[in-house]
Every structure is written in C-alpha cells, then in structure tokens.
>>> print(open('my_file13.csv').read())   # CSV, C-alpha atoms
chain,number,residue,atom,x,y,z
A,1,MET,CA,-38.1,39.7,-47.1
A,2,GLY,CA,-34.4,40.0,-47.8
A,3,ALA,CA,-32.7,43.1,-49.1
A,4,GLU,CA,-32.3,43.7,-52.9
A,5,LYS,CA,-29.6,41.5,-54.4
A,6,SER,CA,-26.3,43.1,-55.5
A,7,LEU,CA,-24.7,42.4,-58.9
A,8,THR,CA,-22.2,40.2,-57.1
A,9,ASP,CA,-25.0,38.1,-55.6
A,10,ILE,CA,-26.7,37.8,-59.0
A,11,ALA,CA,-23.5,36.8,-60.6
A,12,CYS,CA,-22.8,34.2,-57.8
A,13,GLU,CA,-26.3,32.7,-58.3
A,14,GLN,CA,-25.9,32.5,-62.1
A,15,LEU,CA,-22.4,30.9,-61.9
A,16,GLU,CA,-23.5,28.4,-59.2
A,17,ARG,CA,-26.5,27.4,-61.5
A,18,MET,CA,-24.0,26.8,-64.3
A,19,ILE,CA,-21.8,24.7,-62.0
A,20,VAL,CA,-24.6,22.7,-60.5
A,21,PHE,CA,-26.2,21.9,-63.8
A,22,GLN,CA,-22.8,21.2,-65.4
A,23,GLN,CA,-22.8,23.9,-68.0
A,24,LEU,CA,-19.4,24.4,-66.4
A,25,LYS,CA,-17.6,21.1,-66.4
A,26,PRO,CA,-15.4,19.7,-63.6
A,27,GLY,CA,-11.7,19.7,-64.6
A,28,VAL,CA,-12.0,22.3,-67.4
A,29,MET,CA,-10.1,25.5,-66.9
A,30,TYR,CA,-12.2,28.7,-67.4
A,31,SER,CA,-11.0,32.3,-67.6
A,32,GLU,CA,-12.7,35.1,-65.7
A,33,LYS,CA,-13.3,36.9,-69.0
A,34,LYS,CA,-15.1,33.9,-70.5
A,35,LEU,CA,-17.3,33.5,-67.4
A,36,ALA,CA,-18.2,37.2,-67.5
A,37,GLU,CA,-19.2,36.9,-71.1
A,38,ALA,CA,-21.2,33.7,-70.4
A,39,ILE,CA,-23.5,35.5,-67.9
A,40,ASP,CA,-23.3,38.9,-69.7
A,41,MET,CA,-21.9,40.8,-66.6
A,42,GLY,CA,-19.0,43.0,-65.9
A,43,ARG,CA,-15.7,41.7,-64.7
A,44,THR,CA,-15.9,43.3,-61.2
A,45,PRO,CA,-19.1,41.5,-60.0
A,46,VAL,CA,-17.9,38.3,-61.6
A,47,ARG,CA,-14.5,38.5,-59.9
A,48,GLU,CA,-16.2,39.1,-56.5
A,49,ALA,CA,-18.7,36.3,-57.2
A,50,LEU,CA,-15.8,33.9,-58.0
A,51,GLN,CA,-14.1,34.8,-54.7
A,52,LYS,CA,-17.3,33.9,-52.9
A,53,LEU,CA,-17.7,30.7,-54.7
A,54,ALA,CA,-14.1,29.8,-54.0
A,55,TRP,CA,-14.8,30.5,-50.3
A,56,GLU,CA,-17.8,28.3,-50.5
A,57,GLN,CA,-15.6,25.6,-52.0
A,58,MET,CA,-17.6,25.4,-55.2
A,59,ILE,CA,-14.6,26.3,-57.4
A,60,VAL,CA,-10.8,26.4,-57.2
A,61,ILE,CA,-9.0,29.5,-58.4
A,62,HIS,CA,-5.6,28.9,-60.0
A,63,PRO,CA,-3.7,32.3,-60.1
A,64,ARG,CA,-2.7,33.2,-63.7
A,65,CYS,CA,-4.2,29.9,-65.0
A,66,GLY,CA,-8.0,30.0,-64.5
A,67,ILE,CA,-10.9,28.7,-62.6
A,68,GLN,CA,-12.0,25.0,-62.1
A,69,VAL,CA,-15.2,23.6,-60.8
A,70,ALA,CA,-14.6,21.7,-57.6
A,71,ASN,CA,-14.9,17.9,-57.5
A,72,VAL,CA,-16.9,16.7,-54.5
A,73,SER,CA,-16.2,13.1,-53.7
A,74,VAL,CA,-18.4,10.8,-51.6
A,75,GLU,CA,-15.7,10.8,-48.9
A,76,SER,CA,-15.5,14.6,-48.8
A,77,GLN,CA,-19.3,14.9,-48.7
A,78,LEU,CA,-19.4,12.5,-45.7
A,79,LYS,CA,-16.8,14.6,-43.9
A,80,LEU,CA,-18.7,17.8,-44.6
A,81,LEU,CA,-21.9,16.2,-43.3
A,82,GLU,CA,-20.1,15.3,-40.1
A,83,VAL,CA,-19.4,18.9,-39.5
A,84,ARG,CA,-22.8,20.1,-40.8
A,85,ARG,CA,-24.8,17.9,-38.5
A,86,PRO,CA,-24.2,19.8,-35.2
A,87,LEU,CA,-23.8,23.2,-36.7
A,88,GLU,CA,-27.0,23.0,-38.8
A,89,ALA,CA,-28.9,21.7,-35.8
A,90,LEU,CA,-27.7,24.6,-33.8
A,91,CYS,CA,-28.6,27.1,-36.6
A,92,ALA,CA,-32.1,25.6,-36.9
A,93,ARG,CA,-32.6,25.8,-33.1
A,94,LEU,CA,-31.4,29.4,-32.9
A,95,ALA,CA,-33.5,30.4,-35.9
A,96,ALA,CA,-36.6,29.1,-34.3
A,97,GLN,CA,-35.8,31.0,-31.1
A,98,ARG,CA,-34.7,34.2,-32.7
A,99,ALA,CA,-36.6,34.7,-35.9
A,100,THR,CA,-38.7,37.8,-36.2
A,101,PRO,CA,-42.4,37.5,-37.2
A,102,GLU,CA,-41.4,38.6,-40.8
A,103,GLN,CA,-38.7,35.9,-40.9
A,104,LYS,CA,-41.1,33.3,-39.7
A,105,ALA,CA,-43.6,34.2,-42.4
A,106,GLU,CA,-40.8,33.9,-45.0
A,107,MET,CA,-39.9,30.5,-43.6
A,108,ALA,CA,-43.5,29.3,-44.1
A,109,ILE,CA,-43.4,30.5,-47.7
A,110,LEU,CA,-40.1,28.9,-48.4
A,111,GLY,CA,-41.3,25.6,-46.9
A,112,ASP,CA,-44.3,25.5,-49.3
A,113,ALA,CA,-42.2,26.6,-52.2
A,114,ILE,CA,-39.5,24.0,-51.9
A,115,LEU,CA,-42.2,21.2,-51.7
A,116,GLN,CA,-43.8,22.6,-54.8
A,117,CYS,CA,-40.5,22.7,-56.7
A,118,ALA,CA,-40.0,19.0,-55.9
A,119,GLN,CA,-43.6,18.1,-57.0
A,120,ASP,CA,-43.0,20.0,-60.3
A,121,HIS,CA,-39.6,18.3,-60.8
A,122,ASP,CA,-38.2,21.8,-61.3
A,123,ASP,CA,-34.5,21.4,-60.3
A,124,GLU,CA,-33.5,25.0,-61.0
A,125,LYS,CA,-36.3,26.4,-58.9
A,126,PHE,CA,-35.5,23.8,-56.2
A,127,MET,CA,-31.9,25.0,-56.1
A,128,GLU,CA,-33.1,28.6,-55.8
A,129,CYS,CA,-35.4,27.6,-52.9
A,130,LEU,CA,-32.7,25.6,-51.3
A,131,ARG,CA,-30.3,28.6,-51.3
A,132,GLY,CA,-33.1,30.7,-49.9
A,133,CYS,CA,-33.7,28.2,-47.1
A,134,HIS,CA,-30.1,28.1,-46.1
A,135,ALA,CA,-29.7,31.9,-46.2
A,136,ALA,CA,-33.0,32.5,-44.2
A,137,LEU,CA,-31.9,30.1,-41.5
A,138,VAL,CA,-28.5,31.6,-41.1
A,139,GLU,CA,-29.9,35.1,-41.1
A,140,ALA,CA,-32.6,34.3,-38.5
A,141,ALA,CA,-30.0,32.6,-36.2
A,142,ARG,CA,-28.4,36.0,-35.8
A,143,ASN,CA,-24.9,34.7,-35.2
A,144,GLU,CA,-22.3,35.9,-37.7
A,145,TYR,CA,-20.0,33.0,-36.8
A,146,ILE,CA,-22.6,30.5,-38.0
A,147,SER,CA,-22.8,32.4,-41.2
A,148,LYS,CA,-19.0,32.3,-41.8
A,149,VAL,CA,-18.9,28.5,-41.1
A,150,MET,CA,-22.1,27.2,-42.7
A,151,ARG,CA,-21.8,28.5,-46.3
A,152,PRO,CA,-18.5,26.7,-47.1
A,153,LEU,CA,-20.2,23.5,-45.9
A,154,GLN,CA,-23.5,23.9,-47.7
A,155,GLY,CA,-22.2,24.8,-51.1
A,156,PRO,CA,-20.3,21.6,-51.8
A,157,SER,CA,-23.1,19.5,-50.3
A,158,ARG,CA,-25.6,21.1,-52.7
A,159,LEU,CA,-23.2,20.4,-55.6
A,160,PHE,CA,-22.9,16.8,-54.6
A,161,TRP,CA,-26.6,16.2,-54.3
A,162,PHE,CA,-27.5,17.8,-57.7
A,163,ARG,CA,-24.8,15.9,-59.5
A,164,ASN,CA,-26.3,12.7,-58.2
A,165,ARG,CA,-30.0,13.7,-57.9
A,166,GLU,CA,-31.2,11.1,-60.5
A,167,MET,CA,-30.3,8.4,-58.0
A,168,ASP,CA,-32.4,9.9,-55.2
A,169,THR,CA,-35.8,8.2,-55.4
A,170,ALA,CA,-37.2,10.0,-52.4
A,171,HIS,CA,-36.1,13.6,-52.6
A,172,PRO,CA,-35.1,15.7,-49.5
A,173,ALA,CA,-37.6,18.5,-50.1
A,174,ARG,CA,-40.0,17.3,-47.4
A,175,LEU,CA,-37.2,17.4,-44.8
A,176,HIS,CA,-36.1,20.9,-45.8
A,177,ALA,CA,-39.8,22.0,-45.6
A,178,LYS,CA,-40.1,20.4,-42.2
A,179,ILE,CA,-37.3,22.5,-40.9
A,180,MET,CA,-38.9,25.7,-42.3
A,181,THR,CA,-42.2,24.8,-40.8
A,182,CYS,CA,-40.8,24.2,-37.4
A,183,VAL,CA,-38.9,27.5,-37.5
A,184,SER,CA,-41.9,29.4,-38.7
A,185,ARG,CA,-43.8,28.0,-35.6
A,186,GLY,CA,-41.0,28.8,-33.2
A,187,ASP,CA,-40.5,25.1,-32.5
A,188,SER,CA,-36.8,25.0,-31.7
A,189,GLU,CA,-36.8,21.3,-30.6
A,190,GLY,CA,-38.7,20.3,-33.8
A,191,ALA,CA,-36.4,22.3,-36.0
A,192,GLU,CA,-33.3,20.7,-34.5
A,193,GLU,CA,-34.8,17.2,-34.9
A,194,ALA,CA,-35.8,17.9,-38.5
A,195,SER,CA,-32.3,19.2,-39.2
A,196,ASN,CA,-30.8,16.0,-37.8
A,197,MET,CA,-33.2,13.9,-39.9
A,198,LEU,CA,-32.1,15.8,-43.0
A,199,ILE,CA,-28.4,15.2,-42.4
A,200,GLU,CA,-29.1,11.5,-41.7
A,201,TYR,CA,-30.9,11.3,-45.0
A,202,LEU,CA,-28.0,13.0,-46.9
A,203,CYS,CA,-25.6,10.6,-45.2
A,204,ASP,CA,-27.6,7.6,-46.3
A,205,PHE,CA,-27.8,9.0,-49.8
A,206,SER,CA,-24.0,9.6,-49.9
A,207,LEU,CA,-23.2,6.1,-48.5
A,208,ALA,CA,-25.4,4.6,-51.1
A,209,ARG,CA,-23.1,6.1,-53.8
A,210,LEU,CA,-20.2,4.1,-52.3
A,211,LYS,CA,-22.0,0.8,-52.9
A,212,MET,CA,-22.7,1.5,-56.5
>>> encode(input="my_file13.csv", output="structure tokens")
Amino acid sequence: MGAEKSLTDIACEQLERMIVFQQLKPGVMYSEKKLAEAIDMGRTPVREALQKLAWEQMIVIHPRCGIQVANVSVESQLKLLEVRRPLEALCARLAAQRATPEQKAEMAILGDAILQCAQDHDDEKFMECLRGCHAALVEAARNEYISKVMRPLQGPSRLFWFRNREMDTAHPARLHAKIMTCVSRGDSEGAEEASNMLIEYLCDFSLARLKM
C-alpha cells in the first residue's frame, strides 16, 4: 500500500472534498486563514495544499486577494478529455505492464471498493476511491512525466462530474473498476480499452450537458 499521508496530503484531500461537495462555493473569495480554520490545520500544510490544488486547476489563487474555486465549463471539460484520452490510455497500459504484485493486489481492492461505493450511493467514499485509483495508476506506470501531466487534467474532471452527478443515471464506477481489474491481471490491452471506454462515457456525459 501507499506511504503514510503527509499533513499537506490530508489538507489537500479535505479541501478538495469541500470544493467538490460545494462547501466552498464557486466565485466566493476565501482567505488562507479561514480555510485553515475550516479544516482545523496549520497554515503551512494548508498553504502547500492550496498550491497543489491550484496546480491541479481546482482553485485559482489571487495574490493578496484570496482563493476561488475553479469553474469547470462543459467546453473546458471536453478539451480536458481530449488530452486525457491518449494519456490515460497510455498510463493504464504501462500500469498493467509495470505494476508490482503488491500494486496489482491494491488495484483489485480499489476496483471492488469503487463499485461498492457506487452501490451504496456514498459519494464521499466514491471520491476517495476515485482519487486512490488515479494515484495508483500513475504510481504503477512508473513514469514521472505522466504524473506531472495527469493530475492537472484529472482534478477538474472530477470536479465537473461531481457537480453534475445527479444527472448521471448510469454511473462510471463500473468503468473505473474495469480498468483496475485489467491492471491487476496484467492485461495491458484490456486496461487501455477500458480507459478509452471511460473517456468516451465522460465525453457523452459532458455533451449531454450542452443539450440541456
């Protein structure tokens, strides 16, 4: 399993949860001090977490003014998915080829867990599992350049889906689980195909928002 989480990682996860579930509202300006108080953590890990979230395009930092939650439009989501499609397929393929036995076991657990979250209608647990899936794939791919490119693409995509999740009658959990299962079995072609199916699903979901 992964290494013990740092205070910065914990702060990042808590702030993302507040962003995703709209405890922090788009368009509102928040101070670093208020955010640190909201999650009961020190200013240093919160500042570092905010820098990570800004890099992941979840927030916008306005120097001397405050922090705003990013607004992800349908158009920007579709552009992100254009870039995610080939990169995520490559990441899934490499993960299936390069994952250690321990990482493959973790993938199998994550695949089961993300399905269970969907069945339980537990959105917070689903988000936690989704972050875990994304992190596990990038780690198993063992390519630091994929890590640098993927995270700023996945964060806004997560945000877009969760903000519109009530409109998704199917749920993408089964597709995420399929990727995890293929990687856990070392099936690189299956992992790549499952990744492409997931992006196609997310594209259809996004395009449907344009027609509403």
>>> residues_around(input="my_file13.csv", residues="Ala95 of chain A", least_positions_apart="6", cutoff="8 Å", atoms="all atoms listed in the file", output="ChimeraX atom specification")
/A:137-142,183,188
>>> atom_distance(input="my_file13.csv", atom1="atom CA of Gly190 of chain A", atom2="atom CA of Lys178 of chain A")
8.5 Å
>>> residues_near_point(input="my_file13.csv", point="(-7.3, 29.2, -66.1)", cutoff="12 Å", atoms="all atoms listed in the file", output="PDB file with C-alpha atoms, in the coordinates of the input")
ATOM      1  CA  GLY A  27     -11.700  19.700 -64.600  1.00  0.00           C
ATOM      2  CA  VAL A  28     -12.000  22.300 -67.400  1.00  0.00           C
ATOM      3  CA  MET A  29     -10.100  25.500 -66.900  1.00  0.00           C
ATOM      4  CA  TYR A  30     -12.200  28.700 -67.400  1.00  0.00           C
ATOM      5  CA  SER A  31     -11.000  32.300 -67.600  1.00  0.00           C
ATOM      6  CA  GLU A  32     -12.700  35.100 -65.700  1.00  0.00           C
ATOM      7  CA  LYS A  33     -13.300  36.900 -69.000  1.00  0.00           C
ATOM      8  CA  LYS A  34     -15.100  33.900 -70.500  1.00  0.00           C
ATOM      9  CA  LEU A  35     -17.300  33.500 -67.400  1.00  0.00           C
ATOM     10  CA  ILE A  59     -14.600  26.300 -57.400  1.00  0.00           C
ATOM     11  CA  VAL A  60     -10.800  26.400 -57.200  1.00  0.00           C
ATOM     12  CA  ILE A  61      -9.000  29.500 -58.400  1.00  0.00           C
ATOM     13  CA  HIS A  62      -5.600  28.900 -60.000  1.00  0.00           C
ATOM     14  CA  PRO A  63      -3.700  32.300 -60.100  1.00  0.00           C
ATOM     15  CA  ARG A  64      -2.700  33.200 -63.700  1.00  0.00           C
ATOM     16  CA  CYS A  65      -4.200  29.900 -65.000  1.00  0.00           C
ATOM     17  CA  GLY A  66      -8.000  30.000 -64.500  1.00  0.00           C
ATOM     18  CA  ILE A  67     -10.900  28.700 -62.600  1.00  0.00           C
ATOM     19  CA  GLN A  68     -12.000  25.000 -62.100  1.00  0.00           C
ATOM     20  CA  VAL A  69     -15.200  23.600 -60.800  1.00  0.00           C
TER      21      VAL A  69
END
>>> atom_distance(input="my_file13.csv", atom1="atom CA of Val72 of chain A", atom2="atom CA of Ala54 of chain A")
13.4 Å
>>> residues_near_point(input="my_file13.csv", point="(-36.8, 35.3, -43.8)", cutoff="8 Å", atoms="all atoms listed in the file", output="list in words")
Met1, Gly2, Ala99, Glu102, Gln103, Lys104, Ala105, Glu106, Met107, Ala136, Leu137, Glu139 and Ala140 of chain A
>>> residues_around(input="my_file13.csv", residues="Ile39 of chain A", least_positions_apart="3", cutoff="8 Å", atoms="only C-alpha atoms", output="list of chain:residue names")
A:Ala11, A:Gln14, A:Leu15, A:Leu35, A:Ala36
>>> closest_residue(input="my_file13.csv", among="A:Met150, A:Leu159, A:Ala191, A:Met197", to="Ser73 of chain A", atoms="all atoms listed in the file")
A:Leu159
>>> closest_residue(input="my_file13.csv", among="A:Glu75, A:Asp123, A:Glu193, A:Asp187", to="Leu207 of chain A", atoms="all atoms listed in the file")
A:Glu75
>>> closest_residue(input="my_file13.csv", among="A:Pro152, A:Pro26, A:Gly186, A:Gly111", to="Pro172 of chain A", atoms="only C-alpha atoms")
A:Gly111
>>> residues_around(input="my_file13.csv", residues="Ile199 of chain A", least_positions_apart="5", cutoff="12 Å", atoms="only C-alpha atoms", output="short mmCIF file (atom, residue, chain, number, x, y, z; two decimals) with C-alpha atoms, in the coordinates of the input")
data_model
loop_
_atom_site.label_atom_id
_atom_site.label_comp_id
_atom_site.auth_asym_id
_atom_site.auth_seq_id
_atom_site.Cartn_x
_atom_site.Cartn_y
_atom_site.Cartn_z
CA GLN A 77 -19.30 14.90 -48.70
CA LEU A 78 -19.40 12.50 -45.70
CA LYS A 79 -16.80 14.60 -43.90
CA LEU A 80 -18.70 17.80 -44.60
CA LEU A 81 -21.90 16.20 -43.30
CA GLU A 82 -20.10 15.30 -40.10
CA VAL A 83 -19.40 18.90 -39.50
CA ARG A 84 -22.80 20.10 -40.80
CA ARG A 85 -24.80 17.90 -38.50
CA PRO A 86 -24.20 19.80 -35.20
CA LEU A 87 -23.80 23.20 -36.70
CA GLU A 88 -27.00 23.00 -38.80
CA ALA A 89 -28.90 21.70 -35.80
CA GLN A 154 -23.50 23.90 -47.70
CA SER A 157 -23.10 19.50 -50.30
CA PRO A 172 -35.10 15.70 -49.50
CA LEU A 175 -37.20 17.40 -44.80
CA HIS A 176 -36.10 20.90 -45.80
CA ILE A 179 -37.30 22.50 -40.90
CA GLU A 192 -33.30 20.70 -34.50
CA GLU A 193 -34.80 17.20 -34.90
CA ALA A 194 -35.80 17.90 -38.50
CA ASP A 204 -27.60 7.60 -46.30
CA PHE A 205 -27.80 9.00 -49.80
CA SER A 206 -24.00 9.60 -49.90
#
>>> atom_distance(input="my_file13.csv", atom1="atom CA of Asn143 of chain A", atom2="atom CA of Ala92 of chain A")
11.7 Å
>>> closest_residue(input="my_file13.csv", among="A:Trp55, A:Leu90, A:Leu153, A:Glu128", to="Ile10 of chain A", atoms="only C-alpha atoms")
A:Glu128
>>> closest_residue(input="my_file13.csv", among="A:Cys203, A:Ala170, A:Ala70, A:Val149", to="Lys25 of chain A", atoms="all atoms listed in the file")
A:Ala70
>>> closest_residue(input="my_file13.csv", among="A:Asp9, A:Phe21, A:Leu94, A:Glu166", to="Arg47 of chain A", atoms="only C-alpha atoms")
A:Asp9
>>> decode(input="my_file13.csv", residues="segment 95-209 of chain A", atoms="C-alpha atoms", output="PDB file, in the first residue's frame")
ATOM      1  CA  ALA A  95       0.487   0.325 -15.220  1.00  0.00           C
ATOM      2  CA  ALA A  96      -0.660  -3.134 -16.371  1.00  0.00           C
ATOM      3  CA  GLN A  97       2.829  -3.850 -17.707  1.00  0.00           C
ATOM      4  CA  ARG A  98       4.846  -2.436 -14.818  1.00  0.00           C
ATOM      5  CA  ALA A  99       2.765  -2.855 -11.653  1.00  0.00           C
ATOM      6  CA  THR A 100       4.360  -4.890  -8.876  1.00  0.00           C
ATOM      7  CA  PRO A 101       2.428  -7.801  -7.336  1.00  0.00           C
ATOM      8  CA  GLU A 102       1.617  -5.536  -4.364  1.00  0.00           C
ATOM      9  CA  GLN A 103       0.310  -2.808  -6.665  1.00  0.00           C
ATOM     10  CA  LYS A 104      -1.799  -5.312  -8.595  1.00  0.00           C
ATOM     11  CA  ALA A 105      -3.336  -6.515  -5.346  1.00  0.00           C
ATOM     12  CA  GLU A 106      -4.107  -2.896  -4.445  1.00  0.00           C
ATOM     13  CA  MET A 107      -5.739  -2.367  -7.859  1.00  0.00           C
ATOM     14  CA  ALA A 108      -8.046  -5.340  -7.271  1.00  0.00           C
ATOM     15  CA  ILE A 109      -9.064  -3.941  -3.882  1.00  0.00           C
ATOM     16  CA  LEU A 110      -9.694  -0.479  -5.346  1.00  0.00           C
ATOM     17  CA  GLY A 111     -11.793  -1.955  -8.149  1.00  0.00           C
ATOM     18  CA  ASP A 112     -14.060  -3.740  -5.659  1.00  0.00           C
ATOM     19  CA  ALA A 113     -14.192  -0.698  -3.380  1.00  0.00           C
ATOM     20  CA  ILE A 114     -15.223   1.783  -6.069  1.00  0.00           C
ATOM     21  CA  LEU A 115     -18.073  -0.474  -7.165  1.00  0.00           C
ATOM     22  CA  GLN A 116     -19.249  -0.812  -3.579  1.00  0.00           C
ATOM     23  CA  CYS A 117     -19.217   2.973  -3.122  1.00  0.00           C
ATOM     24  CA  ALA A 118     -21.486   3.385  -6.143  1.00  0.00           C
ATOM     25  CA  GLN A 119     -23.838   0.653  -4.942  1.00  0.00           C
ATOM     26  CA  ASP A 120     -24.024   2.337  -1.517  1.00  0.00           C
ATOM     27  CA  HIS A 121     -24.574   5.768  -3.118  1.00  0.00           C
ATOM     28  CA  ASP A 122     -21.715   7.039  -0.975  1.00  0.00           C
ATOM     29  CA  ASP A 123     -20.357   9.982  -2.956  1.00  0.00           C
ATOM     30  CA  GLU A 124     -17.670  10.908  -0.428  1.00  0.00           C
ATOM     31  CA  LYS A 125     -16.270   7.380  -0.372  1.00  0.00           C
ATOM     32  CA  PHE A 126     -16.537   7.233  -4.151  1.00  0.00           C
ATOM     33  CA  MET A 127     -14.420  10.390  -4.453  1.00  0.00           C
ATOM     34  CA  GLU A 128     -11.849   8.920  -2.060  1.00  0.00           C
ATOM     35  CA  CYS A 129     -11.697   5.707  -4.117  1.00  0.00           C
ATOM     36  CA  LEU A 130     -11.502   7.681  -7.350  1.00  0.00           C
ATOM     37  CA  ARG A 131      -8.509   9.648  -6.090  1.00  0.00           C
ATOM     38  CA  GLY A 132      -6.988   6.347  -4.995  1.00  0.00           C
ATOM     39  CA  CYS A 133      -7.492   4.790  -8.436  1.00  0.00           C
ATOM     40  CA  HIS A 134      -5.931   7.755 -10.213  1.00  0.00           C
ATOM     41  CA  ALA A 135      -2.946   7.819  -7.836  1.00  0.00           C
ATOM     42  CA  ALA A 136      -2.397   4.043  -8.031  1.00  0.00           C
ATOM     43  CA  LEU A 137      -2.390   4.021 -11.831  1.00  0.00           C
ATOM     44  CA  VAL A 138       0.094   6.875 -12.070  1.00  0.00           C
ATOM     45  CA  GLU A 139       2.365   5.291  -9.468  1.00  0.00           C
ATOM     46  CA  ALA A 140       2.281   1.878 -11.161  1.00  0.00           C
ATOM     47  CA  ALA A 141       3.064   3.402 -14.579  1.00  0.00           C
ATOM     48  CA  ARG A 142       6.429   4.456 -13.131  1.00  0.00           C
ATOM     49  CA  ASN A 143       6.834   7.500 -15.338  1.00  0.00           C
ATOM     50  CA  GLU A 144       7.231  10.825 -13.548  1.00  0.00           C
ATOM     51  CA  TYR A 145       6.210  12.772 -16.645  1.00  0.00           C
ATOM     52  CA  ILE A 146       2.814  11.063 -16.682  1.00  0.00           C
ATOM     53  CA  SER A 147       2.377  12.054 -13.041  1.00  0.00           C
ATOM     54  CA  LYS A 148       3.148  15.704 -13.802  1.00  0.00           C
ATOM     55  CA  VAL A 149       0.706  15.851 -16.706  1.00  0.00           C
ATOM     56  CA  MET A 150      -2.183  13.708 -15.460  1.00  0.00           C
ATOM     57  CA  ARG A 151      -3.083  15.342 -12.145  1.00  0.00           C
ATOM     58  CA  PRO A 152      -3.952  18.793 -13.561  1.00  0.00           C
ATOM     59  CA  LEU A 153      -6.275  17.009 -16.011  1.00  0.00           C
ATOM     60  CA  GLN A 154      -7.990  14.668 -13.558  1.00  0.00           C
ATOM     61  CA  GLY A 155      -8.800  17.204 -10.833  1.00  0.00           C
ATOM     62  CA  PRO A 156     -11.080  19.458 -12.918  1.00  0.00           C
ATOM     63  CA  SER A 157     -12.699  16.396 -14.500  1.00  0.00           C
ATOM     64  CA  ARG A 158     -13.561  15.020 -11.054  1.00  0.00           C
ATOM     65  CA  LEU A 159     -14.964  18.397 -10.087  1.00  0.00           C
ATOM     66  CA  PHE A 160     -17.123  18.594 -13.215  1.00  0.00           C
ATOM     67  CA  TRP A 161     -18.610  15.116 -12.745  1.00  0.00           C
ATOM     68  CA  PHE A 162     -19.427  15.573  -9.072  1.00  0.00           C
ATOM     69  CA  ARG A 163     -21.099  18.918  -9.700  1.00  0.00           C
ATOM     70  CA  ASN A 164     -23.347  17.245 -12.279  1.00  0.00           C
ATOM     71  CA  ARG A 165     -23.565  13.735 -10.799  1.00  0.00           C
ATOM     72  CA  GLU A 166     -27.336  13.849 -10.207  1.00  0.00           C
ATOM     73  CA  MET A 167     -27.756  13.859 -13.980  1.00  0.00           C
ATOM     74  CA  ASP A 168     -25.713  10.677 -14.483  1.00  0.00           C
ATOM     75  CA  THR A 169     -28.226   7.824 -14.493  1.00  0.00           C
ATOM     76  CA  ALA A 170     -25.620   5.114 -15.145  1.00  0.00           C
ATOM     77  CA  HIS A 171     -22.506   5.980 -13.046  1.00  0.00           C
ATOM     78  CA  PRO A 172     -18.907   5.442 -14.242  1.00  0.00           C
ATOM     79  CA  ALA A 173     -17.834   3.247 -11.309  1.00  0.00           C
ATOM     80  CA  ARG A 174     -18.036   0.038 -13.361  1.00  0.00           C
ATOM     81  CA  LEU A 175     -15.652   1.511 -15.957  1.00  0.00           C
ATOM     82  CA  HIS A 176     -13.137   2.609 -13.330  1.00  0.00           C
ATOM     83  CA  ALA A 177     -13.407  -0.863 -11.796  1.00  0.00           C
ATOM     84  CA  LYS A 178     -12.786  -2.464 -15.197  1.00  0.00           C
ATOM     85  CA  ILE A 179      -9.520  -0.543 -15.572  1.00  0.00           C
ATOM     86  CA  MET A 180      -8.426  -1.631 -12.100  1.00  0.00           C
ATOM     87  CA  THR A 181      -9.320  -5.252 -12.801  1.00  0.00           C
ATOM     88  CA  CYS A 182      -7.389  -5.313 -16.072  1.00  0.00           C
ATOM     89  CA  VAL A 183      -4.317  -3.747 -14.473  1.00  0.00           C
ATOM     90  CA  SER A 184      -4.492  -6.198 -11.569  1.00  0.00           C
ATOM     91  CA  ARG A 185      -4.399  -9.039 -14.112  1.00  0.00           C
ATOM     92  CA  GLY A 186      -1.579  -7.524 -16.156  1.00  0.00           C
ATOM     93  CA  ASP A 187      -3.917  -7.142 -19.141  1.00  0.00           C
ATOM     94  CA  SER A 188      -2.425  -4.081 -20.840  1.00  0.00           C
ATOM     95  CA  GLU A 189      -4.689  -4.175 -23.912  1.00  0.00           C
ATOM     96  CA  GLY A 190      -7.793  -4.587 -21.769  1.00  0.00           C
ATOM     97  CA  ALA A 191      -6.683  -1.742 -19.494  1.00  0.00           C
ATOM     98  CA  GLU A 192      -6.158   0.559 -22.454  1.00  0.00           C
ATOM     99  CA  GLU A 193      -9.524  -0.363 -23.953  1.00  0.00           C
ATOM    100  CA  ALA A 194     -11.292   0.155 -20.616  1.00  0.00           C
ATOM    101  CA  SER A 195      -9.630   3.562 -20.256  1.00  0.00           C
ATOM    102  CA  ASN A 196     -10.867   4.615 -23.687  1.00  0.00           C
ATOM    103  CA  MET A 197     -14.372   3.411 -22.801  1.00  0.00           C
ATOM    104  CA  LEU A 198     -14.303   5.539 -19.638  1.00  0.00           C
ATOM    105  CA  ILE A 199     -13.275   8.684 -21.518  1.00  0.00           C
ATOM    106  CA  GLU A 200     -15.940   8.033 -24.154  1.00  0.00           C
ATOM    107  CA  TYR A 201     -18.516   7.730 -21.371  1.00  0.00           C
ATOM    108  CA  LEU A 202     -17.370  11.005 -19.809  1.00  0.00           C
ATOM    109  CA  CYS A 203     -17.475  12.742 -23.201  1.00  0.00           C
ATOM    110  CA  ASP A 204     -21.061  11.584 -23.755  1.00  0.00           C
ATOM    111  CA  PHE A 205     -21.958  12.713 -20.235  1.00  0.00           C
ATOM    112  CA  SER A 206     -20.436  16.143 -20.876  1.00  0.00           C
ATOM    113  CA  LEU A 207     -22.050  16.568 -24.281  1.00  0.00           C
ATOM    114  CA  ALA A 208     -25.423  15.768 -22.744  1.00  0.00           C
ATOM    115  CA  ARG A 209     -24.992  18.844 -20.513  1.00  0.00           C
TER     116      ARG A 209
END
